[in-house]
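*Asks:* So here's upload-v2.csv (CSV, C-alpha atoms and all ligand atoms).
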```
chain,number,residue,atom,x,y,z
A,1,MET,CA,111.9,84.8,101.7
A,2,ARG,CA,109.1,86.6,103.5
A,3,ILE,CA,107.3,89.8,102.5
A,4,VAL,CA,105.6,92.1,105.0
A,5,CYS,CA,102.2,92.9,103.5
A,6,PRO,CA,101.2,96.4,104.6
A,7,PHE,CA,97.7,95.0,105.3
A,8,CYS,CA,98.3,91.5,106.6
A,9,GLY,CA,101.8,91.6,108.2
A,10,GLU,CA,104.7,89.2,107.6
A,11,ARG,CA,103.9,86.3,105.3
A,12,GLU,CA,105.7,83.5,103.5
A,13,LEU,CA,106.6,83.7,99.9
A,14,GLY,CA,104.0,81.0,98.9
A,15,GLU,CA,101.2,83.5,99.5
A,16,TYR,CA,102.5,85.9,96.9
A,17,THR,CA,102.7,85.9,93.1
A,18,TYR,CA,105.4,87.8,91.3
A,19,LEU,CA,104.4,90.0,88.3
A,20,GLY,CA,107.6,91.8,87.4
A,21,ASP,CA,109.1,95.3,87.0
A,22,ALA,CA,106.9,98.0,88.5
A,23,LYS,CA,108.7,100.8,86.6
A,24,PRO,CA,107.2,100.6,83.0
A,25,GLN,CA,104.4,103.2,82.6
A,26,ARG,CA,101.7,102.7,79.9
A,27,PRO,CA,102.5,105.2,77.1
A,28,ALA,CA,100.0,107.8,76.0
A,29,ALA,CA,97.5,106.7,73.3
A,30,ASP,CA,99.4,108.7,70.6
A,31,ALA,CA,102.9,107.7,71.8
A,32,GLY,CA,103.7,105.6,68.7
A,33,GLU,CA,104.7,102.0,68.1
A,34,ASP,CA,108.2,102.1,69.5
A,35,ALA,CA,107.0,103.3,72.9
A,36,VAL,CA,104.3,100.7,73.0
A,37,TYR,CA,106.7,98.0,72.0
A,38,ASP,CA,109.1,99.1,74.7
A,39,TYR,CA,106.3,99.1,77.3
A,40,VAL,CA,105.0,95.7,76.4
A,41,TYR,CA,108.2,93.7,75.6
A,42,LEU,CA,111.4,95.3,76.8
A,43,ARG,CA,112.6,94.9,80.3
A,44,ASP,CA,115.8,95.8,82.1
A,45,ASN,CA,117.6,92.9,83.7
A,46,ILE,CA,118.5,94.6,87.0
A,47,ALA,CA,121.3,93.4,89.3
A,48,GLY,CA,120.6,95.3,92.4
A,49,VAL,CA,117.7,97.3,93.8
A,50,MET,CA,114.5,97.0,91.8
A,51,SER,CA,110.9,98.0,92.1
A,52,GLU,CA,108.6,95.1,91.6
A,53,HIS,CA,104.9,94.2,91.6
A,54,TRP,CA,103.8,91.4,93.8
A,55,TYR,CA,100.2,90.1,94.4
A,56,HIS,CA,99.1,88.8,97.8
A,57,GLY,CA,96.7,86.3,96.2
A,58,GLY,CA,97.0,83.8,99.1
A,59,GLY,CA,96.1,86.6,101.6
A,60,CYS,CA,94.3,89.9,101.2
A,61,ARG,CA,94.4,90.0,97.4
A,62,ALA,CA,96.1,93.4,97.3
A,63,TRP,CA,98.7,94.4,94.7
A,64,LEU,CA,101.9,95.5,96.3
A,65,LYS,CA,105.0,97.5,95.1
A,66,VAL,CA,108.1,95.8,96.6
A,67,THR,CA,111.6,97.3,96.5
A,68,ARG,CA,113.9,94.4,96.4
A,69,ASN,CA,117.6,93.8,95.8
A,70,THR,CA,117.9,91.1,93.2
A,71,LEU,CA,121.4,90.2,94.4
A,72,THR,CA,120.7,89.7,98.1
A,73,HIS,CA,116.8,89.4,98.2
A,74,GLU,CA,116.8,92.2,100.8
A,75,ILE,CA,113.5,94.0,100.8
A,76,SER,CA,113.8,97.6,101.7
A,77,ALA,CA,110.2,98.8,101.2
A,78,VAL,CA,106.7,97.4,100.6
A,79,GLU,CA,103.8,99.7,99.7
A,80,PRO,CA,100.2,99.1,98.4
A,81,THR,CA,99.8,100.0,94.7
A,82,ALA,CA,97.3,102.7,93.8
A,83,GLY,CA,93.8,101.6,94.4
A,84,ALA,CA,94.7,98.7,96.7
A,85,GLY,CA,93.0,99.7,99.9
A,86,ALA,CA,91.8,103.3,99.8
A,87,ALA,CA,92.4,103.6,103.5
A,88,LYS,CA,96.2,103.1,103.1
A,89,VAL,CA,96.8,105.1,99.8
A,90,GLY,CA,94.3,107.8,100.2
A,91,VAL,CA,92.4,107.5,96.9
B,92,MET,CA,59.4,70.0,81.0
B,93,ALA,CA,61.1,67.5,83.3
B,94,GLU,CA,60.6,68.0,87.0
B,95,PHE,CA,63.9,69.1,88.5
B,96,SER,CA,64.8,70.4,91.9
B,97,TRP,CA,68.1,71.4,93.6
B,98,ASP,CA,69.0,69.9,96.9
B,99,VAL,CA,70.6,72.4,99.3
B,100,ARG,CA,73.6,70.5,100.8
B,101,SER,CA,76.7,71.4,102.6
B,102,PRO,CA,79.9,71.1,100.5
B,103,LEU,CA,81.1,68.7,103.3
B,104,ASP,CA,78.0,66.6,103.1
B,105,ARG,CA,79.9,63.6,101.8
B,106,ALA,CA,83.3,64.0,103.5
B,107,LEU,CA,82.0,64.7,107.0
B,108,VAL,CA,81.4,61.6,109.1
B,109,VAL,CA,80.1,62.5,112.6
B,110,GLY,CA,81.9,60.7,115.4
B,111,PRO,CA,85.5,60.0,116.5
B,112,TYR,CA,88.4,59.9,114.1
B,113,GLY,CA,92.1,59.0,114.5
B,114,SER,CA,93.7,58.2,117.8
B,115,THR,CA,91.3,56.8,120.4
B,116,GLY,CA,90.8,58.2,123.9
B,117,ASP,CA,90.0,61.8,124.7
B,118,ALA,CA,89.8,63.9,121.5
B,119,GLY,CA,92.4,66.6,121.4
B,120,VAL,CA,90.7,68.4,118.5
B,121,SER,CA,87.1,69.1,117.8
B,122,LEU,CA,86.2,69.8,114.2
B,123,THR,CA,82.7,71.1,113.7
B,124,GLU,CA,81.2,72.3,110.5
B,125,ILE,CA,78.7,75.1,110.9
B,126,ARG,CA,75.8,75.0,108.5
B,127,ASN,CA,73.1,77.3,107.3
B,128,PHE,CA,74.6,80.8,107.8
B,129,ASP,CA,74.4,84.1,105.9
B,130,LEU,CA,77.7,85.5,104.7
B,131,ILE,CA,77.9,88.8,102.8
B,132,GLN,CA,81.1,90.3,101.5
B,133,VAL,CA,81.1,94.1,101.8
B,134,MET,CA,83.7,95.9,99.6
B,135,ALA,CA,84.0,99.7,99.8
B,136,ARG,CA,83.8,101.4,96.4
B,137,ARG,CA,86.7,103.6,95.4
B,138,GLY,CA,86.9,106.6,97.6
B,139,LYS,CA,83.9,105.4,99.8
B,140,ALA,CA,85.8,103.8,102.6
B,141,ALA,CA,84.7,106.4,105.1
B,142,GLU,CA,81.0,106.2,104.0
B,143,THR,CA,81.1,102.4,104.2
B,144,ALA,CA,82.6,102.5,107.7
B,145,LYS,CA,79.8,105.0,108.8
B,146,ALA,CA,77.1,102.8,107.3
B,147,ALA,CA,78.5,99.7,109.0
B,148,LYS,CA,78.7,101.5,112.4
B,149,ALA,CA,75.0,102.6,112.0
B,150,ARG,CA,73.9,99.1,111.1
B,151,PHE,CA,75.9,97.0,113.5
B,152,GLY,CA,76.5,99.4,116.4
B,153,VAL,CA,80.2,98.7,116.3
B,154,ALA,CA,82.9,99.8,113.9
B,155,ALA,CA,83.8,97.3,111.1
B,156,PRO,CA,87.3,96.0,111.3
B,157,GLU,CA,89.9,98.0,109.3
B,158,THR,CA,92.8,95.7,110.3
B,159,PRO,CA,92.9,91.9,110.4
B,160,LYS,CA,90.3,91.4,113.2
B,161,ALA,CA,87.0,89.8,113.8
B,162,VAL,CA,84.4,91.9,115.7
B,163,GLY,CA,81.3,90.4,117.4
B,164,THR,CA,78.1,92.4,117.3
B,165,THR,CA,74.8,91.4,119.1
B,166,ASP,CA,73.7,89.3,116.1
B,167,ALA,CA,76.6,89.1,113.7
B,168,THR,CA,80.4,88.7,113.3
B,169,LEU,CA,82.3,91.2,111.1
B,170,ILE,CA,85.5,89.7,109.8
B,171,TRP,CA,88.2,91.6,108.0
B,172,SER,CA,88.9,90.1,104.6
B,173,GLY,CA,91.2,92.6,102.9
B,174,PRO,CA,91.8,96.3,102.6
B,175,ASP,CA,88.4,98.2,102.7
B,176,GLN,CA,86.4,95.0,102.8
B,177,PHE,CA,84.9,92.7,105.4
B,178,LEU,CA,82.5,89.7,105.7
B,179,VAL,CA,79.2,89.8,107.6
B,180,LEU,CA,78.5,86.4,109.2
B,181,SER,CA,75.1,85.9,110.7
B,182,LYS,CA,72.2,83.5,111.2
B,183,GLY,CA,68.5,83.5,110.9
B,184,GLY,CA,68.2,85.9,107.9
B,185,LYS,CA,69.0,89.1,109.9
B,186,HIS,CA,71.8,90.3,107.6
B,187,THR,CA,71.0,88.8,104.2
B,188,ILE,CA,72.1,90.6,101.1
B,189,GLU,CA,68.5,91.9,100.7
B,190,ALA,CA,68.7,93.4,104.1
B,191,LEU,CA,72.1,94.9,103.7
B,192,ALA,CA,71.7,96.2,100.1
B,193,PRO,CA,69.9,99.5,101.2
B,194,VAL,CA,72.4,100.0,104.1
B,195,PHE,CA,75.4,100.1,101.8
B,196,ALA,CA,73.7,101.5,98.7
B,197,GLY,CA,76.2,103.9,97.0
B,198,SER,CA,79.1,103.2,99.4
B,199,ALA,CA,80.0,99.5,99.0
B,200,SER,CA,79.5,96.6,96.7
B,201,LEU,CA,78.0,93.4,98.2
B,202,SER,CA,78.4,89.8,97.2
B,203,ASP,CA,76.5,87.0,98.7
B,204,GLN,CA,78.9,84.2,99.8
B,205,SER,CA,76.4,82.3,102.0
B,206,HIS,CA,76.5,79.1,99.8
B,207,ALA,CA,80.0,79.8,98.4
B,208,ARG,CA,82.0,79.0,101.6
B,209,ALA,CA,82.1,76.3,104.2
B,210,LEU,CA,82.6,77.3,107.8
B,211,ILE,CA,84.7,75.1,110.1
B,212,SER,CA,85.2,75.5,113.8
B,213,ILE,CA,88.3,74.1,115.3
B,214,SER,CA,88.9,73.8,119.0
B,215,GLY,CA,90.3,71.5,121.7
B,216,ALA,CA,93.6,71.2,123.6
B,217,LYS,CA,95.5,70.2,120.5
B,218,ALA,CA,93.8,72.5,118.0
B,219,ARG,CA,96.7,74.9,117.8
B,220,MET,CA,99.1,71.9,117.3
B,221,ALA,CA,97.0,70.6,114.4
B,222,LEU,CA,96.7,74.0,112.8
B,223,ALA,CA,100.4,74.6,113.1
B,224,LYS,CA,100.9,71.9,110.5
B,225,LEU,CA,98.7,73.7,108.0
B,226,SER,CA,99.2,77.4,108.6
B,227,SER,CA,102.2,79.6,108.7
B,228,ILE,CA,100.4,82.1,111.0
B,229,ASP,CA,101.5,82.1,114.6
B,230,LEU,CA,98.4,81.2,116.6
B,231,HIS,CA,100.0,81.6,120.0
B,232,PRO,CA,97.6,83.5,122.3
B,233,ASP,CA,100.2,86.2,122.8
B,234,VAL,CA,100.1,87.1,119.1
B,235,PHE,CA,96.7,85.7,118.0
B,236,PRO,CA,94.3,86.7,120.8
B,237,VAL,CA,90.5,86.5,120.8
B,238,GLY,CA,89.3,88.7,117.9
B,239,ALA,CA,92.5,88.2,115.7
B,240,ALA,CA,91.9,87.4,112.1
B,241,ALA,CA,93.9,86.6,109.0
B,242,ALA,CA,93.4,86.3,105.3
B,243,THR,CA,95.9,83.5,104.5
B,244,SER,CA,96.5,80.2,102.8
B,245,MET,CA,96.4,76.7,104.2
B,246,ASP,CA,97.6,73.8,102.0
B,247,HIS,CA,97.6,76.3,99.1
B,248,THR,CA,94.0,77.2,99.7
B,249,SER,CA,92.8,80.7,100.5
B,250,VAL,CA,91.1,80.8,103.8
B,251,THR,CA,89.7,83.4,106.3
B,252,LEU,CA,90.9,82.4,109.7
B,253,TRP,CA,89.9,84.0,113.0
B,254,ARG,CA,89.7,83.4,116.7
B,255,GLY,CA,86.2,84.0,118.0
B,256,ARG,CA,85.0,84.1,121.6
B,257,ASP,CA,86.5,81.3,123.7
B,258,ARG,CA,84.3,78.4,124.9
B,259,ALA,CA,86.4,77.2,127.9
B,260,GLU,CA,89.3,77.1,125.4
B,261,ALA,CA,90.3,78.8,122.2
B,262,VAL,CA,88.0,78.4,119.2
B,263,PHE,CA,89.4,79.0,115.7
B,264,SER,CA,87.0,79.5,112.8
B,265,LEU,CA,87.8,78.9,109.2
B,266,LEU,CA,86.0,80.0,106.1
B,267,VAL,CA,87.0,78.2,102.9
B,268,PHE,CA,85.7,78.2,99.3
B,269,ALA,CA,83.0,75.5,98.9
B,270,THR,CA,84.8,73.7,96.1
B,271,PHE,CA,88.0,73.5,98.2
B,272,ALA,CA,86.2,72.6,101.4
B,273,GLU,CA,86.4,68.8,101.0
B,274,SER,CA,90.1,68.9,100.2
B,275,LEU,CA,91.0,71.1,103.2
B,276,TRP,CA,88.7,69.1,105.4
B,277,ASN,CA,90.6,65.9,104.6
B,278,THR,CA,94.0,67.6,105.1
B,279,THR,CA,92.8,69.0,108.4
B,280,LEU,CA,91.7,65.5,109.5
B,281,ASP,CA,95.1,64.2,108.5
B,282,ALA,CA,96.8,66.9,110.6
B,283,ALA,CA,94.6,66.3,113.6
B,284,ALA,CA,94.4,62.4,113.5
B,285,GLU,CA,97.3,61.8,115.9
B,286,TYR,CA,95.6,63.9,118.6
B,287,GLY,CA,92.2,62.2,118.2
B,288,VAL,CA,89.3,64.1,116.6
B,289,ALA,CA,85.7,64.6,117.5
B,290,ILE,CA,83.8,65.4,114.3
B,291,ALA,CA,80.4,67.1,114.3
B,292,HIS,CA,78.2,69.5,112.5
B,293,ALA,CA,76.0,72.2,114.0
B,294,ALA,CA,73.6,74.9,113.1
B,295,ASP,CA,74.7,77.5,115.7
B,296,LEU,CA,77.5,80.0,115.2
B,297,GLY,CA,78.4,79.5,118.8
C,1,ZN,ZN,98.0,91.1,102.4
```
What do you get writing this file as structure tokens?
*Replies:*
Amino acid sequence: MRIVCPFCGERELGEYTYLGDAKPQRPAADAGEDAVYDYVYLRDNIAGVMSEHWYHGGGCRAWLKVTRNTLTHEISAVEPTAGAGAAKVGV
Amino acid sequence: MAEFSWDVRSPLDRALVVGPYGSTGDAGVSLTEIRNFDLIQVMARRGKAAETAKAAKARFGVAAPETPKAVGTTDATLIWSGPDQFLVLSKGGKHTIEALAPVFAGSASLSDQSHARALISISGAKARMALAKLSSIDLHPDVFPVGAAAATSMDHTSVTLWRGRDRAEAVFSLLVFATFAESLWNTTLDAAAEYGVAIAHAADLG
């Protein structure tokens, strides 16, 4: 598998580290225990298209959001996460 | 208090043995460690990429690379090292962290990497063949011309790799973390041995 880093170009899988599902959002400070438990521990086991966080640690050290089909490994989109390279994400 | 002093030594001081290595005959690969350089990492602060670029242009007379490239100035090389960041490689104390601090005050964070990295220059008729065993980057001149750079990994070790000015033939430069330098040096020697290697160290950036 190869991932096209928006900063570096196409690179082999060995340069990347997988974090996991990019969907969970940190709940508000007063959201309550259930919401925090859900955020920290509960994950969907998706068979199909999934949004994931990957780290290009063996390259530019940017965090990326990768849209990948877990059944076929087909990657349909790769974007920088917020804060990774102001030039590309406009922050 | 006991007398104590630090010796400034290259991280390759022990591993590097000047002379020929591997196959005898004409050396296909030249491996030269460059010693005593200044290396400063410049990282734009959040929202300050444009200001950092402006400050770099004013200081160096050329734009700092915003894509994986290495740009030569009159007295330094600016090497892309990631989004909104680049390395300033120079000699003779012209662009030390003390000299650059006021230039980028308020726009970028600086980190002195002068003694944190080893710099290895790889050239020769078989340089690309030897590097192909270690790197997944295509170094063919059509896709990796003079001025191309990459933040990548070799033998599971993070490196900054670029192609500087040719000296009769292509010259590849490699920056590697000091503590990984010896390991990568030995791996590179293994890769190059079949072509014959000429090992040296130098003080000039070339
Ligand atoms: Zn990258």
*Asks:* Counting all atoms listed in the file, which residue out of A:Pro80, A:Gly32, A:Gly20, A:Pro27 sits closest to ligand ZN 1 (chain C)?
*Replies:*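 Using all atoms listed in the file, ligand ZN 1 (chain C) sits closest to A:Pro80.
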*Asks:* Which distance in Å separates CA of Asp166 (chain B) and CA of Phe151 (chain B), to one decimal?
*Replies:* 8.4 Å
*Asks:* Need the shell around Thr72 (chain A): protein/DNA/RNA residues with any atom at most 12 Å away, counting all atoms listed in the file. Skip same-chain ones fewer than 6 positions apart. Format as a ChimeraX atom specification?
*Replies:* /A:1,47-50
*Asks:* For chain A, which residue among B:Leu296, B:Val234, B:Leu169, B:Ile131 is the nearest when counting all atoms listed in the file?
*Replies:*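 Residue with the minimum atom-to-atom distance to chain A: B:Val234.
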*Asks:* I'd like the neighbourhood of Thr165 (chain B) as a list in words, where a residue qualifies if any of its atoms comes within 12 Å (using all atoms listed in the file), though same-chain residues fewer than 5 positions away should be ignored.
*Replies:*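 Everything that qualifies: Arg150, Phe151, Gly152, Val153, Leu180, Ser181, Lys182, Lys185 and His186 of chain B.
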*Asks:* CA of Ala259 (chain B) and CA of Ser114 (chain B), how far apart in Å?
*Replies:*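 Distance reported for this atom pair: 22.7 Å.
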*Asks:* Got a sec to check which residues lie within 10 Å of ligand ZN 1 (chain C), using all atoms listed in the file, and send them as JSON, numbers by chain?
*Replies:* {"A": [3, 4, 5, 6, 7, 8, 9, 10, 11, 15, 16, 55, 56, 57, 58, 59, 60, 61, 62, 63, 64, 80], "B": [159, 172, 173, 174, 241, 242, 243]}
*Asks:* Could you state the separation of CA of Glu189 (chain B) and CA of Gln176 (chain B) in Å, given to one decimal place?
*Replies:*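 CA of Gln176 (chain B) lies 18.3 Å from CA of Glu189 (chain B).
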*Asks:* Measuring atom to atom with only C-alpha atoms, identify which of B:Ile228, B:Ile125, B:Ala192, B:Ala146 is nearest to chain A.
*Replies:*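 With only C-alpha atoms as the atom set, the closest residue is B:Ile228.
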*Asks:* What are the closest atom pairs, with distances in Å to one decimal, for each residue of chain B lying within 12 Å of chain A, using all atoms listed in the file, rows by chain and rising residue number, as CSV?
*Replies:*
```
residue,atom,partner,partner_atom,distance
B:Met134,CA,A:Gly85,CA,10.1
B:Ala135,CA,A:Ala86,CA,8.6
B:Arg136,CA,A:Ala86,CA,8.9
B:Arg137,CA,A:Ala86,CA,6.7
B:Gly138,CA,A:Val91,CA,5.6
B:Lys139,CA,A:Ala86,CA,8.2
B:Ala140,CA,A:Ala86,CA,6.6
B:Ala141,CA,A:Ala87,CA,8.3
B:Glu142,CA,A:Ala87,CA,11.7
B:Thr143,CA,A:Ala87,CA,11.4
B:Ala144,CA,A:Ala87,CA,10.7
B:Glu157,CA,A:Ala87,CA,8.4
B:Thr158,CA,A:Phe7,CA,7.0
B:Pro159,CA,A:Cys8,CA,6.6
B:Lys160,CA,A:Cys8,CA,10.4
B:Trp171,CA,A:Cys60,CA,9.3
B:Ser172,CA,A:Cys60,CA,6.4
B:Gly173,CA,A:Cys60,CA,4.4
B:Pro174,CA,A:Gly85,CA,4.5
B:Asp175,CA,A:Gly85,CA,5.6
B:Gln176,CA,A:Gly85,CA,8.6
B:Phe177,CA,A:Cys60,CA,10.7
B:Ser226,CA,A:Glu12,CA,10.3
B:Ser227,CA,A:Glu12,CA,7.4
B:Ile228,CA,A:Arg11,CA,7.9
B:Asp229,CA,A:Glu10,CA,10.5
B:Val234,CA,A:Gly9,CA,11.9
B:Ala239,CA,A:Cys8,CA,11.3
B:Ala240,CA,A:Cys8,CA,9.4
B:Ala241,CA,A:Cys8,CA,7.0
B:Ala242,CA,A:Gly59,CA,4.6
B:Thr243,CA,A:Gly59,CA,4.2
B:Ser244,CA,A:Gly58,CA,5.2
B:Met245,CA,A:Gly58,CA,8.8
B:Asp246,CA,A:Gly14,CA,10.1
B:His247,CA,A:Gly58,CA,7.5
B:Thr248,CA,A:Gly58,CA,7.3
B:Ser249,CA,A:Gly58,CA,5.4
B:Val250,CA,A:Gly59,CA,8.0
B:Thr251,CA,A:Gly59,CA,8.6
B:Leu252,CA,A:Gly59,CA,10.5
```
*Asks:* With a distance cut-off of 8 Å and all atoms listed in the file, select the neighbouring residues of region 98-106 of chain B, excluding the residue or stretch itself and same-chain residues fewer than 5 positions from it, and output the selection as a list in words.
*Replies:* Arg126, Ala209, Ala269, Thr270, Ala272, Glu273, Trp276 and Asn277 of chain B
*Asks:* Take the selection from the previous step and output its residues with C-alpha atoms, as a PDB file, in the coordinates of the input.
*Replies:*
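result.pdb, freshly written:
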```pdb
ATOM      1  CA  ARG B 126      75.800  75.000 108.500  1.00  0.00           C
ATOM      2  CA  ALA B 209      82.100  76.300 104.200  1.00  0.00           C
ATOM      3  CA  ALA B 269      83.000  75.500  98.900  1.00  0.00           C
ATOM      4  CA  THR B 270      84.800  73.700  96.100  1.00  0.00           C
ATOM      5  CA  ALA B 272      86.200  72.600 101.400  1.00  0.00           C
ATOM      6  CA  GLU B 273      86.400  68.800 101.000  1.00  0.00           C
ATOM      7  CA  TRP B 276      88.700  69.100 105.400  1.00  0.00           C
ATOM      8  CA  ASN B 277      90.600  65.900 104.600  1.00  0.00           C
TER       9      ASN B 277
END
```
